[in-house]
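Dropping final-v9.pdb in here (PDB, C-alpha atoms):
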ATOM      1  CA  MET A  23       0.000   0.000   0.000
ATOM      2  CA  ALA A  24       1.488   3.335  -1.068
ATOM      3  CA  ASP A  25       0.567   6.984  -1.452
ATOM      4  CA  VAL A  26       2.483   8.276  -4.479
ATOM      5  CA  VAL A  27       2.777  11.925  -5.455
ATOM      6  CA  PHE A  28       4.386  13.008  -8.717
ATOM      7  CA  LEU A  29       6.129  16.415  -8.689
ATOM      8  CA  LEU A  30       6.302  17.671 -12.279
ATOM      9  CA  ASP A  31       8.710  20.406 -13.328
ATOM     10  CA  SER A  32       6.573  22.906 -15.210
ATOM     11  CA  SER A  33       9.052  25.792 -15.364
ATOM     12  CA  PHE A  34       9.825  27.815 -18.472
ATOM     13  CA  SER A  35      12.905  25.664 -19.197
ATOM     14  CA  VAL A  36      10.546  22.753 -19.898
ATOM     15  CA  TRP A  37       9.057  23.191 -23.363
ATOM     16  CA  GLU A  38       5.352  22.448 -23.795
ATOM     17  CA  SER A  39       6.222  19.371 -25.893
ATOM     18  CA  ASP A  40       8.570  18.157 -23.138
ATOM     19  CA  PHE A  41       5.880  18.686 -20.526
ATOM     20  CA  LYS A  42       3.582  16.479 -22.625
ATOM     21  CA  GLU A  43       6.330  13.816 -22.558
ATOM     22  CA  GLN A  44       6.328  14.064 -18.742
ATOM     23  CA  LEU A  45       2.566  13.496 -18.746
ATOM     24  CA  ARG A  46       2.944  10.508 -21.086
ATOM     25  CA  PHE A  47       5.585   9.125 -18.714
ATOM     26  CA  VAL A  48       3.279   9.533 -15.691
ATOM     27  CA  ARG A  49       0.486   7.675 -17.521
ATOM     28  CA  SER A  50       2.898   4.853 -18.381
ATOM     29  CA  VAL A  51       4.068   4.548 -14.790
ATOM     30  CA  VAL A  52       0.483   4.606 -13.472
ATOM     31  CA  ASP A  53      -0.398   1.833 -15.932
ATOM     32  CA  ASN A  54       2.114  -0.347 -14.061
ATOM     33  CA  PHE A  55       0.488   0.328 -10.684
ATOM     34  CA  GLN A  56      -2.322  -1.532  -8.995
ATOM     35  CA  ILE A  57      -4.564   1.449  -8.243
ATOM     36  CA  GLY A  58      -7.136   1.433  -5.472
ATOM     37  CA  ASN A  59      -8.007   2.442  -1.938
ATOM     38  CA  ASP A  60      -6.215  -0.643  -0.586
ATOM     39  CA  SER A  61      -3.194  -0.417  -2.900
ATOM     40  CA  ILE A  62      -1.642   2.608  -4.649
ATOM     41  CA  GLN A  63      -3.176   6.075  -4.648
ATOM     42  CA  VAL A  64      -1.767   8.825  -6.887
ATOM     43  CA  GLY A  65      -1.637  12.595  -6.601
ATOM     44  CA  ILE A  66       0.110  15.097  -8.867
ATOM     45  CA  LEU A  67       1.459  18.604  -8.458
ATOM     46  CA  SER A  68       3.184  20.876 -10.958
ATOM     47  CA  PHE A  69       5.821  23.384  -9.945
ATOM     48  CA  SER A  70       7.847  26.268 -11.248
ATOM     49  CA  SER A  71       8.073  29.436  -9.145
ATOM     50  CA  GLU A  72       4.471  28.565  -8.260
ATOM     51  CA  ILE A  73       3.065  25.268  -7.041
ATOM     52  CA  LYS A  74      -0.199  23.837  -8.294
ATOM     53  CA  ALA A  75      -1.981  20.757  -6.975
ATOM     54  CA  ASN A  76      -3.379  19.047 -10.070
ATOM     55  CA  PHE A  77      -5.216  16.399  -8.067
ATOM     56  CA  TYR A  78      -5.011  14.805  -4.638
ATOM     57  CA  LEU A  79      -4.608  11.176  -3.561
ATOM     58  CA  ASP A  80      -8.288  10.698  -2.803
ATOM     59  CA  GLU A  81      -9.700  12.156  -6.022
ATOM     60  CA  TYR A  82      -9.378   9.159  -8.370
ATOM     61  CA  SER A  83      -9.453   5.454  -7.552
ATOM     62  CA  ASP A  84      -8.848   3.827 -10.947
ATOM     63  CA  LYS A  85      -6.257   4.081 -13.729
ATOM     64  CA  GLU A  86      -8.653   5.380 -16.359
ATOM     65  CA  ALA A  87      -9.768   8.299 -14.183
ATOM     66  CA  ILE A  88      -6.180   9.130 -13.214
ATOM     67  CA  ASN A  89      -4.971   9.022 -16.813
ATOM     68  CA  SER A  90      -7.902  11.158 -17.946
ATOM     69  CA  ALA A  91      -7.021  13.725 -15.265
ATOM     70  CA  VAL A  92      -3.337  13.620 -16.282
ATOM     71  CA  ASN A  93      -4.363  14.475 -19.855
ATOM     72  CA  LYS A  94      -5.937  17.708 -18.569
ATOM     73  CA  ILE A  95      -2.857  19.001 -16.712
ATOM     74  CA  GLU A  96      -1.615  22.236 -18.226
ATOM     75  CA  HIS A  97       1.965  23.471 -18.446
ATOM     76  CA  LEU A  98       2.614  26.390 -16.074
ATOM     77  CA  GLY A  99       5.577  27.703 -18.057
ATOM     78  CA  THR A 100       6.567  30.312 -15.481
ATOM     79  CA  ALA A 101      10.085  31.202 -14.379
ATOM     80  CA  GLY A 102      11.890  29.496 -11.542
ATOM     81  CA  THR A 103      12.243  25.968 -10.233
ATOM     82  CA  ASN A 104      10.958  25.946  -6.648
ATOM     83  CA  THR A 105      11.900  22.346  -5.884
ATOM     84  CA  GLY A 106      12.110  22.968  -2.137
ATOM     85  CA  GLY A 107       8.641  24.478  -2.095
ATOM     86  CA  ALA A 108       7.292  21.570  -4.138
ATOM     87  CA  LEU A 109       8.762  19.047  -1.689
ATOM     88  CA  LYS A 110       7.264  20.926   1.279
ATOM     89  CA  TYR A 111       3.844  21.210  -0.401
ATOM     90  CA  ALA A 112       3.840  17.523  -1.346
ATOM     91  CA  ARG A 113       4.777  16.531   2.204
ATOM     92  CA  ASP A 114       2.487  18.907   4.101
ATOM     93  CA  VAL A 115      -0.528  19.113   1.785
ATOM     94  CA  MET A 116      -0.584  16.367  -0.844
ATOM     95  CA  LEU A 117       0.183  13.530   1.610
ATOM     96  CA  HIS A 118      -2.039  14.923   4.382
ATOM     97  CA  GLU A 119      -4.920  12.740   5.577
ATOM     98  CA  LYS A 120      -7.481  15.399   4.577
ATOM     99  CA  HIS A 121      -6.409  14.766   0.958
ATOM    100  CA  GLY A 122      -6.349  10.986   1.211
ATOM    101  CA  GLY A 123      -3.023  10.279   2.908
ATOM    102  CA  ARG A 124      -3.230   6.964   4.751
ATOM    103  CA  ALA A 125      -1.380   6.366   8.030
ATOM    104  CA  LEU A 126      -0.236   2.837   7.133
ATOM    105  CA  ALA A 127       0.718   3.528   3.510
ATOM    106  CA  SER A 128       4.282   4.010   2.321
ATOM    107  CA  LYS A 129       4.767   7.629   1.265
ATOM    108  CA  ILE A 130       6.600   8.131  -2.019
ATOM    109  CA  LEU A 131       7.421  11.301  -3.955
ATOM    110  CA  ILE A 132       8.515  11.037  -7.583
ATOM    111  CA  LEU A 133      10.298  14.259  -8.540
ATOM    112  CA  ILE A 134      10.892  14.922 -12.251
ATOM    113  CA  THR A 135      13.017  17.957 -13.152
ATOM    114  CA  ASP A 136      15.384  19.242 -15.797
ATOM    115  CA  GLY A 137      17.130  21.931 -13.780
ATOM    116  CA  MET A 138      18.673  23.088 -10.572
ATOM    117  CA  SER A 139      16.325  24.517  -8.003
ATOM    118  CA  TYR A 140      16.594  28.247  -7.517
ATOM    119  CA  ASP A 141      17.319  27.768  -3.820
ATOM    120  CA  TYR A 142      19.711  24.854  -3.329
ATOM    121  CA  ASN A 143      19.906  25.170   0.467
ATOM    122  CA  GLU A 144      16.131  25.282   0.923
ATOM    123  CA  THR A 145      15.696  22.315  -1.422
ATOM    124  CA  ILE A 146      18.205  20.234   0.529
ATOM    125  CA  ARG A 147      16.589  21.317   3.830
ATOM    126  CA  GLN A 148      13.090  20.359   2.663
ATOM    127  CA  ALA A 149      14.334  17.041   1.296
ATOM    128  CA  GLY A 150      15.978  16.293   4.652
ATOM    129  CA  ILE A 151      12.789  17.017   6.599
ATOM    130  CA  THR A 152      10.792  14.895   4.155
ATOM    131  CA  LYS A 153      13.126  11.899   4.419
ATOM    132  CA  GLU A 154      13.308  12.203   8.233
ATOM    133  CA  LEU A 155       9.533  11.691   8.272
ATOM    134  CA  GLY A 156       9.964   8.378   6.433
ATOM    135  CA  ILE A 157       8.854   9.679   3.047
ATOM    136  CA  TYR A 158      10.825   8.235   0.145
ATOM    137  CA  ILE A 159      11.970  10.520  -2.664
ATOM    138  CA  LEU A 160      12.679   9.162  -6.136
ATOM    139  CA  ALA A 161      14.398  11.741  -8.329
ATOM    140  CA  VAL A 162      14.285  11.699 -12.120
ATOM    141  CA  ALA A 163      16.968  13.905 -13.655
ATOM    142  CA  VAL A 164      16.346  14.963 -17.230
ATOM    143  CA  GLY A 165      19.830  15.852 -18.410
ATOM    144  CA  ALA A 166      22.810  15.810 -16.065
ATOM    145  CA  PRO A 167      23.541  19.344 -14.815
ATOM    146  CA  MET A 168      21.720  18.912 -11.491
ATOM    147  CA  MET A 169      22.779  15.396 -10.572
ATOM    148  CA  GLN A 170      24.627  16.437  -7.410
ATOM    149  CA  GLU A 171      21.560  18.269  -6.110
ATOM    150  CA  LEU A 172      19.214  15.395  -6.933
ATOM    151  CA  GLU A 173      21.535  12.888  -5.282
ATOM    152  CA  MET A 174      21.234  14.999  -2.120
ATOM    153  CA  VAL A 175      17.430  15.208  -2.499
ATOM    154  CA  ALA A 176      16.740  11.537  -3.223
ATOM    155  CA  SER A 177      16.490   8.750  -0.694
ATOM    156  CA  THR A 178      19.456   6.436  -0.317
ATOM    157  CA  PRO A 179      20.996   4.456  -1.782
ATOM    158  CA  THR A 180      20.995   6.827  -4.737
ATOM    159  CA  SER A 181      21.589   3.870  -7.064
ATOM    160  CA  ASP A 182      17.993   2.840  -6.275
ATOM    161  CA  PHE A 183      16.366   6.272  -6.020
ATOM    162  CA  VAL A 184      17.979   8.466  -8.692
ATOM    163  CA  PHE A 185      17.112   7.954 -12.346
ATOM    164  CA  ASN A 186      18.793   9.848 -15.167
ATOM    165  CA  VAL A 187      17.674  10.297 -18.754
ATOM    166  CA  THR A 188      19.250  12.464 -21.432
ATOM    167  CA  ASP A 189      16.013  14.214 -22.438
ATOM    168  CA  PHE A 190      12.247  14.047 -21.976
ATOM    169  CA  ASN A 191      11.868  11.748 -24.992
ATOM    170  CA  SER A 192      14.007   9.191 -23.116
ATOM    171  CA  LEU A 193      11.643   8.944 -20.118
ATOM    172  CA  PRO A 194      10.056   5.708 -21.437
ATOM    173  CA  THR A 195      13.388   3.932 -20.907
ATOM    174  CA  ILE A 196      12.978   4.121 -17.120
ATOM    175  CA  VAL A 197       9.247   3.356 -16.784
ATOM    176  CA  HIS A 198       9.807  -0.267 -15.804
ATOM    177  CA  SER A 199      12.618   0.298 -13.268
ATOM    178  CA  LEU A 200      10.918   3.291 -11.642
ATOM    179  CA  SER A 201       7.569   1.470 -11.499
ATOM    180  CA  THR A 202       9.204  -1.582  -9.969
ATOM    181  CA  THR A 203      10.978   0.484  -7.299
ATOM    182  CA  THR A 204       7.716   2.254  -6.459
ATOM    183  CA  CYS A 205       5.589  -0.909  -6.451
ATOM    184  CA  LEU A 206       7.904  -2.642  -4.013
ATOM    185  CA  GLY A 207       6.255  -0.349  -1.459
ATOM    186  CA  LEU A 208       9.750   0.453  -0.245
TER     187      LEU A 208
END
If you convert what's in this file into structure tokens, what do you get?
Amino acid sequence: MADVVFLLDSSFSVWESDFKEQLRFVRSVVDNFQIGNDSIQVGILSFSSEIKANFYLDEYSDKEAINSAVNKIEHLGTAGTNTGGALKYARDVMLHEKHGGRALASKILILITDGMSYDYNETIRQAGITKELGIYILAVAVGAPMMQELEMVASTPTSDFVFNVTDFNSLPTIVHSLSTTTCLGL
């Protein structure tokens, strides 16, 4: 049983076509999950300088509904990459029981980003708080310039929790391994 929240980079550095690749990736990963109130629940937020909850854990209880909702997510396209704020919002709001967070479920954040956060120290601080609370962070790096930051953000061992692809079109190459890691319930 797991509560899984995707954190999607929707900053201006992510082209609209690349954002659509992120959404396709999320749908592919969800297709590998057993979705339901007694198994995996999914929530999604988008972030740039702003943070937007697209839908909460308790809004959809089947794959078709989740994938339909994913198709409606719009690219924010605003400046900034507030990764620290996204981690805090996911932890404090998205995983909260009033939005479907379950006490006995594993808590898993799947962060997808193509850039450094605009506040490295705050991002590392928020990641530390999140991990101290027993929430797992899987980090998907699109391109390599922020690998050091994402290795600090992700749960350990980083060999299990950090995934790297060269570009958004390469996301399908990690669907199976990321889905498997998530489905293990950590």
Neighbour list for Ser70 (chain A) as a PyMOL selection string, cut-off 7 Å, only C-alpha atoms, skip fewer than 2 positions in-chain: chain A and resi 31-33+72-73+100-104
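Here CA of Val187 (chain A) is placed at a distance of 19.2 Å from CA of Phe34 (chain A).
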Build an axis-aligned box that encloses every atom of region 125-141 of chain A listed in the file, pad it by 6 Å on each side, and report its centre and edge lengths in Å to one decimal, as AutoDock Vina command-line options.
--center_x 8.6 --center_y 15.5 --center_z -3.9 --size_x 32.1 --size_y 37.4 --size_z 35.8
Can you translate the PyMOL selection byres ((chain A and resi 201-205) around 12) into the concrete residues it hits in this file, as a VMD selection string? chain A and resid 23 to 28 47 to 57 61 to 64 127 to 132 158 to 161 177 181 to 185 194 to 200 206 to 208
Length of the CA of Glu96 (chain A) to CA of Phe41 (chain A) vector [Å]: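 Going from CA of Glu96 (chain A) over to CA of Phe41 (chain A), I get 8.6 Å.
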Selection under test: the PyMOL selection byres ((chain A and resi 80) around 6); residues as a list in words: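 For this structure, the PyMOL selection byres ((chain A and resi 80) around 6) captures Tyr78, Leu79, Glu81, Tyr82, His121 and Gly122 of chain A.
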Write the residues of the preceding selection, restricted to C-alpha atoms, as a compact mmCIF listing (two decimals), in the coordinates of the input.
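Written file, part01.txt:
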# COMPACT_ATOMS: atom_id res chain seq x y z
CA TYR A 78 -5.01 14.80 -4.64
CA LEU A 79 -4.61 11.18 -3.56
CA GLU A 81 -9.70 12.16 -6.02
CA TYR A 82 -9.38 9.16 -8.37
CA HIS A 121 -6.41 14.77 0.96
CA GLY A 122 -6.35 10.99 1.21
Can you measure CA of Glu171 (chain A) to CA of Tyr140 (chain A) for me? One decimal in Å is fine. 11.2 Å
Go through A:Asp189, A:Glu144, A:Asp136, A:Glu173 and flag the residue nearest Val36 (chain A), using only C-alpha atoms for the distances.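 Using only C-alpha atoms, Val36 (chain A) sits closest to A:Asp136.
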